[in-house]
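**Student:** Quick one, data-v3.tsv (TSV, N, CA and C atoms):
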```tsv
chain	number	residue	atom	x	y	z
A	300	VAL	N	5.57	-31.51	6.43
A	300	VAL	CA	6.79	-31.79	5.69
A	300	VAL	C	6.42	-32.75	4.56
A	301	ALA	N	6.90	-32.46	3.38
A	301	ALA	CA	6.64	-33.34	2.23
A	301	ALA	C	7.98	-33.63	1.54
A	302	ASN	N	8.12	-34.84	1.05
A	302	ASN	CA	9.30	-35.19	0.28
A	302	ASN	C	8.81	-35.66	-1.09
A	303	ASP	N	9.03	-34.84	-2.09
A	303	ASP	CA	8.51	-35.06	-3.43
A	303	ASP	C	9.54	-35.84	-4.26
A	304	TYR	N	9.49	-37.16	-4.14
A	304	TYR	CA	10.44	-38.01	-4.85
A	304	TYR	C	10.19	-38.01	-6.35
A	305	ALA	N	11.22	-38.27	-7.10
A	305	ALA	CA	11.11	-38.46	-8.54
A	305	ALA	C	11.73	-39.82	-8.89
A	306	ILE	N	11.03	-40.58	-9.69
A	306	ILE	CA	11.58	-41.84	-10.20
A	306	ILE	C	12.07	-41.55	-11.60
A	307	ARG	N	13.36	-41.44	-11.75
A	307	ARG	CA	13.94	-40.89	-12.97
A	307	ARG	C	14.17	-41.91	-14.08
A	308	ASP	N	13.55	-43.09	-13.95
A	308	ASP	CA	13.70	-44.08	-15.02
A	308	ASP	C	13.01	-43.66	-16.31
A	309	TYR	N	12.10	-42.69	-16.23
A	309	TYR	CA	11.41	-42.19	-17.41
A	309	TYR	C	11.79	-40.74	-17.71
A	310	LEU	N	12.87	-40.27	-17.14
A	310	LEU	CA	13.24	-38.86	-17.26
A	310	LEU	C	13.47	-38.47	-18.72
A	311	GLU	N	12.78	-37.41	-19.14
A	311	GLU	CA	12.96	-36.88	-20.50
A	311	GLU	C	13.74	-35.58	-20.47
A	312	ASN	N	13.64	-34.83	-19.36
A	312	ASN	CA	14.32	-33.54	-19.24
A	312	ASN	C	14.57	-33.29	-17.76
A	313	TRP	N	15.83	-33.16	-17.35
A	313	TRP	CA	16.20	-33.00	-15.94
A	313	TRP	C	15.53	-31.79	-15.30
A	314	TYR	N	15.40	-30.70	-16.04
A	314	TYR	CA	14.87	-29.47	-15.46
A	314	TYR	C	13.36	-29.40	-15.45
A	315	ARG	N	12.69	-30.15	-16.27
A	315	ARG	CA	11.22	-30.17	-16.30
A	315	ARG	C	10.77	-31.63	-16.39
A	316	PRO	N	10.81	-32.33	-15.24
A	316	PRO	CA	10.43	-33.75	-15.27
A	316	PRO	C	9.01	-33.95	-15.77
A	317	ASN	N	8.81	-35.02	-16.53
A	317	ASN	CA	7.48	-35.30	-17.08
A	317	ASN	C	6.58	-35.95	-16.04
A	318	LEU	N	5.34	-36.18	-16.41
A	318	LEU	CA	4.35	-36.71	-15.47
A	318	LEU	C	4.73	-38.07	-14.89
A	319	ARG	N	5.34	-38.93	-15.69
A	319	ARG	CA	5.68	-40.27	-15.19
A	319	ARG	C	6.80	-40.23	-14.15
A	320	VAL	N	7.59	-39.18	-14.14
A	320	VAL	CA	8.69	-39.05	-13.19
A	320	VAL	C	8.19	-38.55	-11.84
A	321	LYS	N	7.30	-37.57	-11.85
A	321	LYS	CA	6.91	-36.89	-10.62
A	321	LYS	C	5.55	-37.30	-10.07
A	322	ASN	N	4.80	-38.11	-10.75
A	322	ASN	CA	3.44	-38.42	-10.31
A	322	ASN	C	3.21	-39.92	-10.26
A	323	ARG	N	3.86	-40.56	-9.32
A	323	ARG	CA	3.74	-42.00	-9.16
A	323	ARG	C	3.27	-42.31	-7.74
A	324	ASP	N	2.58	-43.44	-7.60
A	324	ASP	CA	2.15	-43.86	-6.27
A	324	ASP	C	3.35	-43.90	-5.33
A	325	THR	N	3.16	-43.46	-4.12
A	325	THR	CA	4.13	-43.46	-3.01
A	325	THR	C	5.26	-42.43	-3.17
A	326	CYS	N	5.19	-41.54	-4.14
A	326	CYS	CA	6.31	-40.62	-4.39
A	326	CYS	C	6.23	-39.29	-3.64
A	327	THR	N	5.20	-39.06	-2.85
A	327	THR	CA	5.14	-37.81	-2.11
A	327	THR	C	4.65	-38.08	-0.69
A	328	PRO	N	5.49	-38.71	0.13
A	328	PRO	CA	5.08	-38.90	1.53
A	328	PRO	C	4.97	-37.53	2.23
A	329	ILE	N	4.01	-37.44	3.14
A	329	ILE	CA	3.74	-36.20	3.87
A	329	ILE	C	3.61	-36.55	5.34
A	330	GLY	N	4.15	-35.68	6.20
A	330	GLY	CA	3.99	-35.92	7.63
A	330	GLY	C	5.15	-35.36	8.41
A	331	PRO	N	5.38	-35.72	9.61
A	331	PRO	CA	4.65	-36.76	10.31
A	331	PRO	C	3.31	-36.29	10.89
A	332	TRP	N	3.02	-35.01	10.76
A	332	TRP	CA	1.73	-34.49	11.21
A	332	TRP	C	1.42	-33.22	10.44
A	333	LEU	N	0.18	-32.74	10.56
A	333	LEU	CA	-0.19	-31.47	9.95
A	333	LEU	C	-0.02	-30.37	10.99
A	334	VAL	N	0.41	-29.21	10.56
A	334	VAL	CA	0.61	-28.07	11.45
A	334	VAL	C	-0.28	-26.95	10.95
A	335	ASP	N	-1.07	-26.38	11.84
A	335	ASP	CA	-1.94	-25.28	11.48
A	335	ASP	C	-1.12	-24.02	11.20
A	336	ALA	N	-1.54	-23.23	10.23
A	336	ALA	CA	-0.81	-22.01	9.87
A	336	ALA	C	-0.61	-21.09	11.06
A	337	LYS	N	-1.58	-21.02	11.96
A	337	LYS	CA	-1.45	-20.13	13.12
A	337	LYS	C	-0.33	-20.56	14.07
A	338	ASP	N	0.15	-21.80	13.93
A	338	ASP	CA	1.22	-22.30	14.78
A	338	ASP	C	2.62	-22.08	14.20
A	339	VAL	N	2.68	-21.44	13.04
A	339	VAL	CA	3.96	-21.15	12.40
A	339	VAL	C	4.13	-19.63	12.41
A	340	ALA	N	5.04	-19.13	13.23
A	340	ALA	CA	5.19	-17.69	13.40
A	340	ALA	C	5.52	-16.98	12.09
A	341	ASP	N	6.48	-17.49	11.35
A	341	ASP	CA	6.89	-16.86	10.09
A	341	ASP	C	7.22	-17.94	9.07
A	342	PRO	N	6.26	-18.27	8.19
A	342	PRO	CA	6.53	-19.33	7.22
A	342	PRO	C	7.63	-18.96	6.22
A	343	MET	N	7.99	-17.70	6.15
A	343	MET	CA	9.04	-17.27	5.23
A	343	MET	C	10.40	-17.16	5.93
A	344	SER	N	10.56	-17.91	7.02
A	344	SER	CA	11.85	-17.95	7.72
A	344	SER	C	11.99	-19.29	8.44
A	345	LEU	N	11.99	-20.36	7.67
A	345	LEU	CA	12.13	-21.70	8.22
A	345	LEU	C	13.30	-22.42	7.56
A	346	ALA	N	14.18	-22.99	8.37
A	346	ALA	CA	15.29	-23.77	7.85
A	346	ALA	C	14.77	-25.09	7.30
A	347	LEU	N	15.31	-25.52	6.17
A	347	LEU	CA	14.95	-26.77	5.51
A	347	LEU	C	16.21	-27.62	5.38
A	348	SER	N	16.09	-28.92	5.59
A	348	SER	CA	17.25	-29.79	5.37
A	348	SER	C	16.81	-31.18	4.97
A	349	THR	N	17.69	-31.84	4.24
A	349	THR	CA	17.50	-33.24	3.89
A	349	THR	C	18.81	-33.96	4.12
A	350	THR	N	18.71	-35.13	4.76
A	350	THR	CA	19.89	-35.99	4.89
A	350	THR	C	19.59	-37.32	4.23
A	351	VAL	N	20.62	-37.93	3.69
A	351	VAL	CA	20.53	-39.28	3.14
A	351	VAL	C	21.58	-40.10	3.89
A	352	ASN	N	21.10	-41.11	4.61
A	352	ASN	CA	21.97	-41.95	5.44
A	352	ASN	C	22.83	-41.11	6.37
A	353	GLY	N	22.25	-40.06	6.95
A	353	GLY	CA	22.93	-39.21	7.92
A	353	GLY	C	23.78	-38.10	7.35
A	354	LYS	N	23.95	-38.05	6.03
A	354	LYS	CA	24.77	-37.01	5.40
A	354	LYS	C	23.86	-35.92	4.85
A	355	VAL	N	24.13	-34.65	5.22
A	355	VAL	CA	23.33	-33.54	4.72
A	355	VAL	C	23.53	-33.41	3.21
A	356	THR	N	22.42	-33.47	2.48
A	356	THR	CA	22.48	-33.33	1.03
A	356	THR	C	21.80	-32.05	0.56
A	357	GLN	N	20.89	-31.52	1.38
A	357	GLN	CA	20.20	-30.28	1.04
A	357	GLN	C	20.05	-29.43	2.29
A	358	SER	N	20.24	-28.13	2.12
A	358	SER	CA	20.07	-27.19	3.22
A	358	SER	C	19.62	-25.87	2.62
A	359	GLY	N	18.57	-25.31	3.19
A	359	GLY	CA	18.07	-24.04	2.66
A	359	GLY	C	17.15	-23.38	3.66
A	360	ASN	N	16.46	-22.34	3.22
A	360	ASN	CA	15.55	-21.61	4.09
A	360	ASN	C	14.41	-21.06	3.23
A	361	THR	N	13.22	-21.03	3.79
A	361	THR	CA	12.09	-20.51	3.03
A	361	THR	C	12.26	-19.03	2.69
A	362	LYS	N	13.12	-18.32	3.41
A	362	LYS	CA	13.35	-16.90	3.08
A	362	LYS	C	14.03	-16.76	1.72
A	363	ASP	N	14.59	-17.83	1.20
A	363	ASP	CA	15.26	-17.81	-0.10
A	363	ASP	C	14.32	-18.13	-1.26
A	364	MET	N	13.04	-18.37	-0.96
A	364	MET	CA	12.09	-18.66	-2.02
A	364	MET	C	11.96	-17.46	-2.95
A	365	ILE	N	11.79	-17.71	-4.24
A	365	ILE	CA	11.64	-16.64	-5.22
A	365	ILE	C	10.31	-15.93	-5.01
A	366	PHE	N	9.24	-16.69	-4.74
A	366	PHE	CA	7.90	-16.13	-4.53
A	366	PHE	C	7.43	-16.50	-3.14
A	367	ASP	N	6.77	-15.56	-2.45
A	367	ASP	CA	6.25	-15.86	-1.12
A	367	ASP	C	4.92	-16.61	-1.22
A	368	VAL	N	4.46	-17.11	-0.08
A	368	VAL	CA	3.25	-17.93	-0.03
A	368	VAL	C	2.02	-17.19	-0.55
A	369	PRO	N	1.76	-15.96	-0.12
A	369	PRO	CA	0.57	-15.28	-0.66
A	369	PRO	C	0.59	-15.15	-2.19
A	370	PHE	N	1.76	-14.86	-2.77
A	370	PHE	CA	1.85	-14.77	-4.23
A	370	PHE	C	1.51	-16.12	-4.87
A	371	LEU	N	2.06	-17.20	-4.32
A	371	LEU	CA	1.82	-18.53	-4.89
A	371	LEU	C	0.34	-18.90	-4.83
A	372	ILE	N	-0.32	-18.60	-3.71
A	372	ILE	CA	-1.75	-18.89	-3.59
A	372	ILE	C	-2.53	-18.08	-4.62
A	373	GLU	N	-2.21	-16.81	-4.75
A	373	GLU	CA	-2.90	-15.97	-5.73
A	373	GLU	C	-2.66	-16.48	-7.15
A	374	TYR	N	-1.42	-16.82	-7.46
A	374	TYR	CA	-1.08	-17.30	-8.81
A	374	TYR	C	-1.83	-18.59	-9.14
A	375	PHE	N	-1.71	-19.60	-8.27
A	375	PHE	CA	-2.37	-20.87	-8.56
A	375	PHE	C	-3.89	-20.73	-8.58
A	376	SER	N	-4.43	-19.87	-7.74
A	376	SER	CA	-5.87	-19.65	-7.72
A	376	SER	C	-6.38	-19.03	-9.01
A	377	SER	N	-5.49	-18.42	-9.79
A	377	SER	CA	-5.92	-17.80	-11.03
A	377	SER	C	-6.28	-18.82	-12.11
A	378	PHE	N	-5.84	-20.08	-11.96
A	378	PHE	CA	-6.16	-21.08	-12.98
A	378	PHE	C	-6.59	-22.43	-12.42
A	379	MET	N	-6.66	-22.56	-11.09
A	379	MET	CA	-7.13	-23.81	-10.50
A	379	MET	C	-7.82	-23.52	-9.19
A	380	THR	N	-8.68	-24.43	-8.78
A	380	THR	CA	-9.38	-24.28	-7.51
A	380	THR	C	-8.51	-24.82	-6.39
A	381	LEU	N	-8.26	-23.99	-5.40
A	381	LEU	CA	-7.55	-24.42	-4.20
A	381	LEU	C	-8.57	-24.51	-3.07
A	382	SER	N	-8.47	-25.56	-2.30
A	382	SER	CA	-9.38	-25.77	-1.17
A	382	SER	C	-8.58	-25.84	0.12
A	383	PRO	N	-9.21	-25.55	1.25
A	383	PRO	CA	-8.50	-25.69	2.53
A	383	PRO	C	-7.88	-27.08	2.64
A	384	GLY	N	-6.62	-27.11	3.04
A	384	GLY	CA	-5.91	-28.38	3.17
A	384	GLY	C	-5.08	-28.75	1.96
A	385	ASP	N	-5.27	-28.07	0.83
A	385	ASP	CA	-4.44	-28.34	-0.35
A	385	ASP	C	-2.99	-27.99	-0.06
A	386	LEU	N	-2.09	-28.70	-0.69
A	386	LEU	CA	-0.66	-28.45	-0.54
A	386	LEU	C	-0.10	-27.91	-1.84
A	387	ILE	N	0.83	-26.98	-1.73
A	387	ILE	CA	1.57	-26.47	-2.88
A	387	ILE	C	3.03	-26.79	-2.62
A	388	LEU	N	3.59	-27.70	-3.40
A	388	LEU	CA	5.00	-28.04	-3.28
A	388	LEU	C	5.76	-27.18	-4.28
A	389	THR	N	6.74	-26.43	-3.80
A	389	THR	CA	7.33	-25.38	-4.62
A	389	THR	C	8.72	-25.68	-5.16
A	390	GLY	N	9.32	-26.74	-4.74
A	390	GLY	CA	10.68	-27.02	-5.21
A	390	GLY	C	11.55	-27.46	-4.06
A	391	THR	N	12.84	-27.44	-4.28
A	391	THR	CA	13.76	-28.00	-3.32
A	391	THR	C	15.08	-27.23	-3.33
A	392	PRO	N	15.77	-27.16	-2.18
A	392	PRO	CA	17.11	-26.58	-2.22
A	392	PRO	C	18.03	-27.40	-3.10
A	393	ASP	N	19.11	-26.81	-3.55
A	393	ASP	CA	20.10	-27.53	-4.36
A	393	ASP	C	20.61	-28.73	-3.58
A	394	GLY	N	20.91	-29.82	-4.29
A	394	GLY	CA	21.49	-30.98	-3.64
A	394	GLY	C	20.74	-32.27	-3.90
A	395	VAL	N	20.03	-32.35	-5.03
A	395	VAL	CA	19.31	-33.57	-5.38
A	395	VAL	C	20.33	-34.71	-5.56
A	396	VAL	N	20.04	-35.85	-4.96
A	396	VAL	CA	20.93	-37.00	-5.06
A	396	VAL	C	20.14	-38.23	-5.49
A	397	ASP	N	20.84	-39.21	-6.04
A	397	ASP	CA	20.25	-40.47	-6.45
A	397	ASP	C	20.20	-41.38	-5.23
A	398	CYS	N	19.03	-41.87	-4.87
A	398	CYS	CA	18.88	-42.75	-3.72
A	398	CYS	C	18.63	-44.18	-4.17
A	399	ARG	N	19.06	-45.11	-3.36
A	399	ARG	CA	18.96	-46.53	-3.67
A	399	ARG	C	18.12	-47.22	-2.60
A	400	PRO	N	17.58	-48.40	-2.90
A	400	PRO	CA	16.85	-49.15	-1.87
A	400	PRO	C	17.69	-49.31	-0.61
A	401	GLY	N	17.05	-49.08	0.53
A	401	GLY	CA	17.73	-49.16	1.81
A	401	GLY	C	18.19	-47.81	2.35
A	402	ASP	N	18.31	-46.80	1.47
A	402	ASP	CA	18.72	-45.47	1.93
A	402	ASP	C	17.65	-44.87	2.83
A	403	VAL	N	18.07	-44.18	3.88
A	403	VAL	CA	17.16	-43.52	4.80
A	403	VAL	C	17.24	-42.02	4.55
A	404	ILE	N	16.09	-41.43	4.21
A	404	ILE	CA	16.02	-40.01	3.89
A	404	ILE	C	15.24	-39.32	4.99
A	405	VAL	N	15.83	-38.25	5.55
A	405	VAL	CA	15.16	-37.44	6.57
A	405	VAL	C	15.02	-36.03	6.00
A	406	THR	N	13.78	-35.59	5.85
A	406	THR	CA	13.47	-34.25	5.37
A	406	THR	C	12.90	-33.49	6.56
A	407	GLU	N	13.48	-32.31	6.85
A	407	GLU	CA	13.09	-31.60	8.06
A	407	GLU	C	12.82	-30.13	7.78
A	408	ILE	N	11.78	-29.60	8.44
A	408	ILE	CA	11.48	-28.18	8.41
A	408	ILE	C	11.50	-27.69	9.85
A	409	GLU	N	12.32	-26.68	10.09
A	409	GLU	CA	12.48	-26.09	11.42
A	409	GLU	C	11.12	-25.75	12.04
A	410	HIS	N	10.94	-26.09	13.30
A	410	HIS	CA	9.74	-25.81	14.09
A	410	HIS	C	8.53	-26.64	13.66
A	411	ILE	N	8.68	-27.49	12.65
A	411	ILE	CA	7.54	-28.28	12.19
A	411	ILE	C	7.77	-29.77	12.44
A	412	GLY	N	8.91	-30.29	12.02
A	412	GLY	CA	9.19	-31.69	12.27
A	412	GLY	C	10.04	-32.30	11.19
A	413	ALA	N	10.26	-33.61	11.34
A	413	ALA	CA	11.08	-34.37	10.41
A	413	ALA	C	10.29	-35.54	9.87
A	414	LEU	N	10.40	-35.75	8.58
A	414	LEU	CA	9.78	-36.87	7.89
A	414	LEU	C	10.89	-37.86	7.56
A	415	VAL	N	10.75	-39.10	8.01
A	415	VAL	CA	11.77	-40.14	7.80
A	415	VAL	C	11.20	-41.21	6.88
A	416	ASN	N	11.93	-41.50	5.78
A	416	ASN	CA	11.52	-42.53	4.84
A	416	ASN	C	12.70	-43.40	4.48
A	417	THR	N	12.43	-44.69	4.29
A	417	THR	CA	13.44	-45.62	3.78
A	417	THR	C	13.02	-46.05	2.39
A	418	ILE	N	13.94	-45.93	1.44
A	418	ILE	CA	13.65	-46.31	0.05
A	418	ILE	C	13.52	-47.83	-0.03
A	419	ALA	N	12.41	-48.27	-0.62
A	419	ALA	CA	12.16	-49.71	-0.78
A	419	ALA	C	12.42	-50.09	-2.23
A	420	ALA	N	12.75	-51.34	-2.42
A	420	ALA	CA	12.92	-51.86	-3.78
A	420	ALA	C	11.55	-51.95	-4.44
A	421	ALA	N	11.55	-51.88	-5.76
A	421	ALA	CA	10.29	-51.95	-6.52
A	421	ALA	C	9.64	-53.30	-6.36
```
Just give me the structure of the file as structure tokens.
**Tutor:**
Amino acid sequence: VANDYAIRDYLENWYRPNLRVKNRDTCTPIGPWLVDAKDVADPMSLALSTTVNGKVTQSGNTKDMIFDVPFLIEYFSSFMTLSPGDLILTGTPDGVVDCRPGDVIVTEIEHIGALVNTIAAA
């Protein structure tokens, strides 16, 4: 499970965030553990959810992805080297919200686990 945070203080375009928004230290926590591909029966049928302070803000399913995993691996491999263990973060269900210090965010993937983070002040 990964939660790809954006710090929008440098936002130049909501739909295509720039490097300073999406590539900052501590902005992509991953966990709480790694799951081997063989342990996931169907990666294209997993429920996804995010809650902020206990309120559901995002809900979706990997079956709704525009491109499946094999396509994404083939596409990215056409212009970059992918190695075992690399992660491809593909986006998020609708429901992006502004979080404040102290907010507790739980990002969950069915059959895999839940990642719990508390937003800290700068």
**Student:** Please identify the alpha helix (DSSP H) residues within chain A (assignment by DSSP from backbone atoms) and present them as a list in words.
**Tutor:**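 The alpha helix (DSSP H) residues within chain A come out as Leu318, Arg319, Val320, Lys321, Val368, Pro369, Phe370, Leu371, Ile372, Glu373, Tyr374, Phe375 and Ser376 of chain A.
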**Student:** List as a list in words the residues having at least one atom at most 10 Å from position (7.5, -29.4, 4.1) as given in the file, counting only C-alpha atoms.
**Tutor:**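 Output of the proximity query reads Val300, Ala301, Asn302, Asp303, Ile329, Gly330, Leu333, Leu345, Leu347, Ser348, Leu386, Ile387, Leu388, Thr389, Thr391, Thr406, Glu407, Ile408, Glu409, Ile411, Gly412, Ala413 and Leu414 of chain A.
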**Student:** Take the residues from that selection and put them in a file with N, CA and C atoms, as a PDB file, in the coordinates of the input.
**Tutor:**
```pdb
ATOM      1  N   VAL A 300       5.570 -31.510   6.430  1.00  0.00           N
ATOM      2  CA  VAL A 300       6.790 -31.790   5.690  1.00  0.00           C
ATOM      3  C   VAL A 300       6.420 -32.750   4.560  1.00  0.00           C
ATOM      4  N   ALA A 301       6.900 -32.460   3.380  1.00  0.00           N
ATOM      5  CA  ALA A 301       6.640 -33.340   2.230  1.00  0.00           C
ATOM      6  C   ALA A 301       7.980 -33.630   1.540  1.00  0.00           C
ATOM      7  N   ASN A 302       8.120 -34.840   1.050  1.00  0.00           N
ATOM      8  CA  ASN A 302       9.300 -35.190   0.280  1.00  0.00           C
ATOM      9  C   ASN A 302       8.810 -35.660  -1.090  1.00  0.00           C
ATOM     10  N   ASP A 303       9.030 -34.840  -2.090  1.00  0.00           N
ATOM     11  CA  ASP A 303       8.510 -35.060  -3.430  1.00  0.00           C
ATOM     12  C   ASP A 303       9.540 -35.840  -4.260  1.00  0.00           C
ATOM     13  N   ILE A 329       4.010 -37.440   3.140  1.00  0.00           N
ATOM     14  CA  ILE A 329       3.740 -36.200   3.870  1.00  0.00           C
ATOM     15  C   ILE A 329       3.610 -36.550   5.340  1.00  0.00           C
ATOM     16  N   GLY A 330       4.150 -35.680   6.200  1.00  0.00           N
ATOM     17  CA  GLY A 330       3.990 -35.920   7.630  1.00  0.00           C
ATOM     18  C   GLY A 330       5.150 -35.360   8.410  1.00  0.00           C
ATOM     19  N   LEU A 333       0.180 -32.740  10.560  1.00  0.00           N
ATOM     20  CA  LEU A 333      -0.190 -31.470   9.950  1.00  0.00           C
ATOM     21  C   LEU A 333      -0.020 -30.370  10.990  1.00  0.00           C
ATOM     22  N   LEU A 345      11.990 -20.360   7.670  1.00  0.00           N
ATOM     23  CA  LEU A 345      12.130 -21.700   8.220  1.00  0.00           C
ATOM     24  C   LEU A 345      13.300 -22.420   7.560  1.00  0.00           C
ATOM     25  N   LEU A 347      15.310 -25.520   6.170  1.00  0.00           N
ATOM     26  CA  LEU A 347      14.950 -26.770   5.510  1.00  0.00           C
ATOM     27  C   LEU A 347      16.210 -27.620   5.380  1.00  0.00           C
ATOM     28  N   SER A 348      16.090 -28.920   5.590  1.00  0.00           N
ATOM     29  CA  SER A 348      17.250 -29.790   5.370  1.00  0.00           C
ATOM     30  C   SER A 348      16.810 -31.180   4.970  1.00  0.00           C
ATOM     31  N   LEU A 386      -2.090 -28.700  -0.690  1.00  0.00           N
ATOM     32  CA  LEU A 386      -0.660 -28.450  -0.540  1.00  0.00           C
ATOM     33  C   LEU A 386      -0.100 -27.910  -1.840  1.00  0.00           C
ATOM     34  N   ILE A 387       0.830 -26.980  -1.730  1.00  0.00           N
ATOM     35  CA  ILE A 387       1.570 -26.470  -2.880  1.00  0.00           C
ATOM     36  C   ILE A 387       3.030 -26.790  -2.620  1.00  0.00           C
ATOM     37  N   LEU A 388       3.590 -27.700  -3.400  1.00  0.00           N
ATOM     38  CA  LEU A 388       5.000 -28.040  -3.280  1.00  0.00           C
ATOM     39  C   LEU A 388       5.760 -27.180  -4.280  1.00  0.00           C
ATOM     40  N   THR A 389       6.740 -26.430  -3.800  1.00  0.00           N
ATOM     41  CA  THR A 389       7.330 -25.380  -4.620  1.00  0.00           C
ATOM     42  C   THR A 389       8.720 -25.680  -5.160  1.00  0.00           C
ATOM     43  N   THR A 391      12.840 -27.440  -4.280  1.00  0.00           N
ATOM     44  CA  THR A 391      13.760 -28.000  -3.320  1.00  0.00           C
ATOM     45  C   THR A 391      15.080 -27.230  -3.330  1.00  0.00           C
ATOM     46  N   THR A 406      13.780 -35.590   5.850  1.00  0.00           N
ATOM     47  CA  THR A 406      13.470 -34.250   5.370  1.00  0.00           C
ATOM     48  C   THR A 406      12.900 -33.490   6.560  1.00  0.00           C
ATOM     49  N   GLU A 407      13.480 -32.310   6.850  1.00  0.00           N
ATOM     50  CA  GLU A 407      13.090 -31.600   8.060  1.00  0.00           C
ATOM     51  C   GLU A 407      12.820 -30.130   7.780  1.00  0.00           C
ATOM     52  N   ILE A 408      11.780 -29.600   8.440  1.00  0.00           N
ATOM     53  CA  ILE A 408      11.480 -28.180   8.410  1.00  0.00           C
ATOM     54  C   ILE A 408      11.500 -27.690   9.850  1.00  0.00           C
ATOM     55  N   GLU A 409      12.320 -26.680  10.090  1.00  0.00           N
ATOM     56  CA  GLU A 409      12.480 -26.090  11.420  1.00  0.00           C
ATOM     57  C   GLU A 409      11.120 -25.750  12.040  1.00  0.00           C
ATOM     58  N   ILE A 411       8.680 -27.490  12.650  1.00  0.00           N
ATOM     59  CA  ILE A 411       7.540 -28.280  12.190  1.00  0.00           C
ATOM     60  C   ILE A 411       7.770 -29.770  12.440  1.00  0.00           C
ATOM     61  N   GLY A 412       8.910 -30.290  12.020  1.00  0.00           N
ATOM     62  CA  GLY A 412       9.190 -31.690  12.270  1.00  0.00           C
ATOM     63  C   GLY A 412      10.040 -32.300  11.190  1.00  0.00           C
ATOM     64  N   ALA A 413      10.260 -33.610  11.340  1.00  0.00           N
ATOM     65  CA  ALA A 413      11.080 -34.370  10.410  1.00  0.00           C
ATOM     66  C   ALA A 413      10.290 -35.540   9.870  1.00  0.00           C
ATOM     67  N   LEU A 414      10.400 -35.750   8.580  1.00  0.00           N
ATOM     68  CA  LEU A 414       9.780 -36.870   7.890  1.00  0.00           C
ATOM     69  C   LEU A 414      10.890 -37.860   7.560  1.00  0.00           C
TER      70      LEU A 414
END
```
**Student:** Applying 12 Å and only C-alpha atoms, which residues near Ala421 (chain A) remain after dropping the ones on its own chain fewer than 3 positions away? List them as a PDB file with N, CA and C atoms, in the frame of the given file.
**Tutor:**
```pdb
ATOM      1  N   ILE A 306      11.030 -40.580  -9.690  1.00  0.00           N
ATOM      2  CA  ILE A 306      11.580 -41.840 -10.200  1.00  0.00           C
ATOM      3  C   ILE A 306      12.070 -41.550 -11.600  1.00  0.00           C
ATOM      4  N   ASP A 324       2.580 -43.440  -7.600  1.00  0.00           N
ATOM      5  CA  ASP A 324       2.150 -43.860  -6.270  1.00  0.00           C
ATOM      6  C   ASP A 324       3.350 -43.900  -5.330  1.00  0.00           C
ATOM      7  N   THR A 325       3.160 -43.460  -4.120  1.00  0.00           N
ATOM      8  CA  THR A 325       4.130 -43.460  -3.010  1.00  0.00           C
ATOM      9  C   THR A 325       5.260 -42.430  -3.170  1.00  0.00           C
ATOM     10  N   ARG A 399      19.060 -45.110  -3.360  1.00  0.00           N
ATOM     11  CA  ARG A 399      18.960 -46.530  -3.670  1.00  0.00           C
ATOM     12  C   ARG A 399      18.120 -47.220  -2.600  1.00  0.00           C
ATOM     13  N   PRO A 400      17.580 -48.400  -2.900  1.00  0.00           N
ATOM     14  CA  PRO A 400      16.850 -49.150  -1.870  1.00  0.00           C
ATOM     15  C   PRO A 400      17.690 -49.310  -0.610  1.00  0.00           C
ATOM     16  N   GLY A 401      17.050 -49.080   0.530  1.00  0.00           N
ATOM     17  CA  GLY A 401      17.730 -49.160   1.810  1.00  0.00           C
ATOM     18  C   GLY A 401      18.190 -47.810   2.350  1.00  0.00           C
ATOM     19  N   ILE A 418      13.940 -45.930   1.440  1.00  0.00           N
ATOM     20  CA  ILE A 418      13.650 -46.310   0.050  1.00  0.00           C
ATOM     21  C   ILE A 418      13.520 -47.830  -0.030  1.00  0.00           C
TER      22      ILE A 418
END
```
**Student:** Show me, as a list in words, the residues that have an atom within 9 Å of Ser358 (chain A) when counting only C-alpha atoms, minus same-chain residues fewer than 2 positions from it.
**Tutor:** Ala346, Leu347, Ser348, Thr349, Thr350, Val355, Thr356, Asn360, Pro392, Asp393 and Gly394 of chain A
**Student:** As a list in words, please: the residues near Val403 (chain A) (cut-off 6.5 Å, only N, CA and C atoms, same-chain neighbours under 6 positions excluded).
**Tutor:**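 Once the nearby chain positions are removed, what remains is Thr350, Val351, Asn352, Gly353, Asn416, Thr417 and Ile418 of chain A.
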**Student:** Could you jot down the CA of Phe366 (chain A) to CA of Lys354 (chain A) separation for me, Å, one decimal place?
**Tutor:**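 Spanning CA of Phe366 (chain A) to CA of Lys354 (chain A) is a straight-line distance of 28.6 Å.
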**Student:** Hey, what does DSSP flag as strand (DSSP E or B) within chain A? Can you give it to me as number ranges by chain?
**Tutor:** A: 301, 329, 346-351, 354-360, 403-408, 412-417
**Student:** Between atom N of Met364 (chain A) and atom N of Asp341 (chain A), what distance in Å does the model show, to one decimal?
**Tutor:**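 We find that atom N of Met364 (chain A) and atom N of Asp341 (chain A) lie 14.0 Å from each other.
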**Student:** Please report the interatomic distance between CA of Gly359 (chain A) and CA of Cys326 (chain A) in Å with one decimal.
**Tutor:**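 Separating CA of Gly359 (chain A) from CA of Cys326 (chain A) is a distance of 21.5 Å.
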**Student:** Show which residues sit within 8 Å of Asp367 (chain A), as a PyMOL selection string. Count all atoms listed in the file, and ignore same-chain residues fewer than 6 positions away.
**Tutor:** chain A and resi 343+361+373
**Student:** Next, the residues of the selection above should be written as an mmCIF file, keeping the file's coordinate frame with N, CA and C atoms.
**Tutor:**
```cif
data_model
loop_
_atom_site.group_PDB
_atom_site.id
_atom_site.type_symbol
_atom_site.label_atom_id
_atom_site.label_comp_id
_atom_site.auth_asym_id
_atom_site.auth_seq_id
_atom_site.Cartn_x
_atom_site.Cartn_y
_atom_site.Cartn_z
ATOM 1 N N MET A 343 7.990 -17.700 6.150
ATOM 2 C CA MET A 343 9.040 -17.270 5.230
ATOM 3 C C MET A 343 10.400 -17.160 5.930
ATOM 4 N N THR A 361 13.220 -21.030 3.790
ATOM 5 C CA THR A 361 12.090 -20.510 3.030
ATOM 6 C C THR A 361 12.260 -19.030 2.690
ATOM 7 N N GLU A 373 -2.210 -16.810 -4.750
ATOM 8 C CA GLU A 373 -2.900 -15.970 -5.730
ATOM 9 C C GLU A 373 -2.660 -16.480 -7.150
#
```
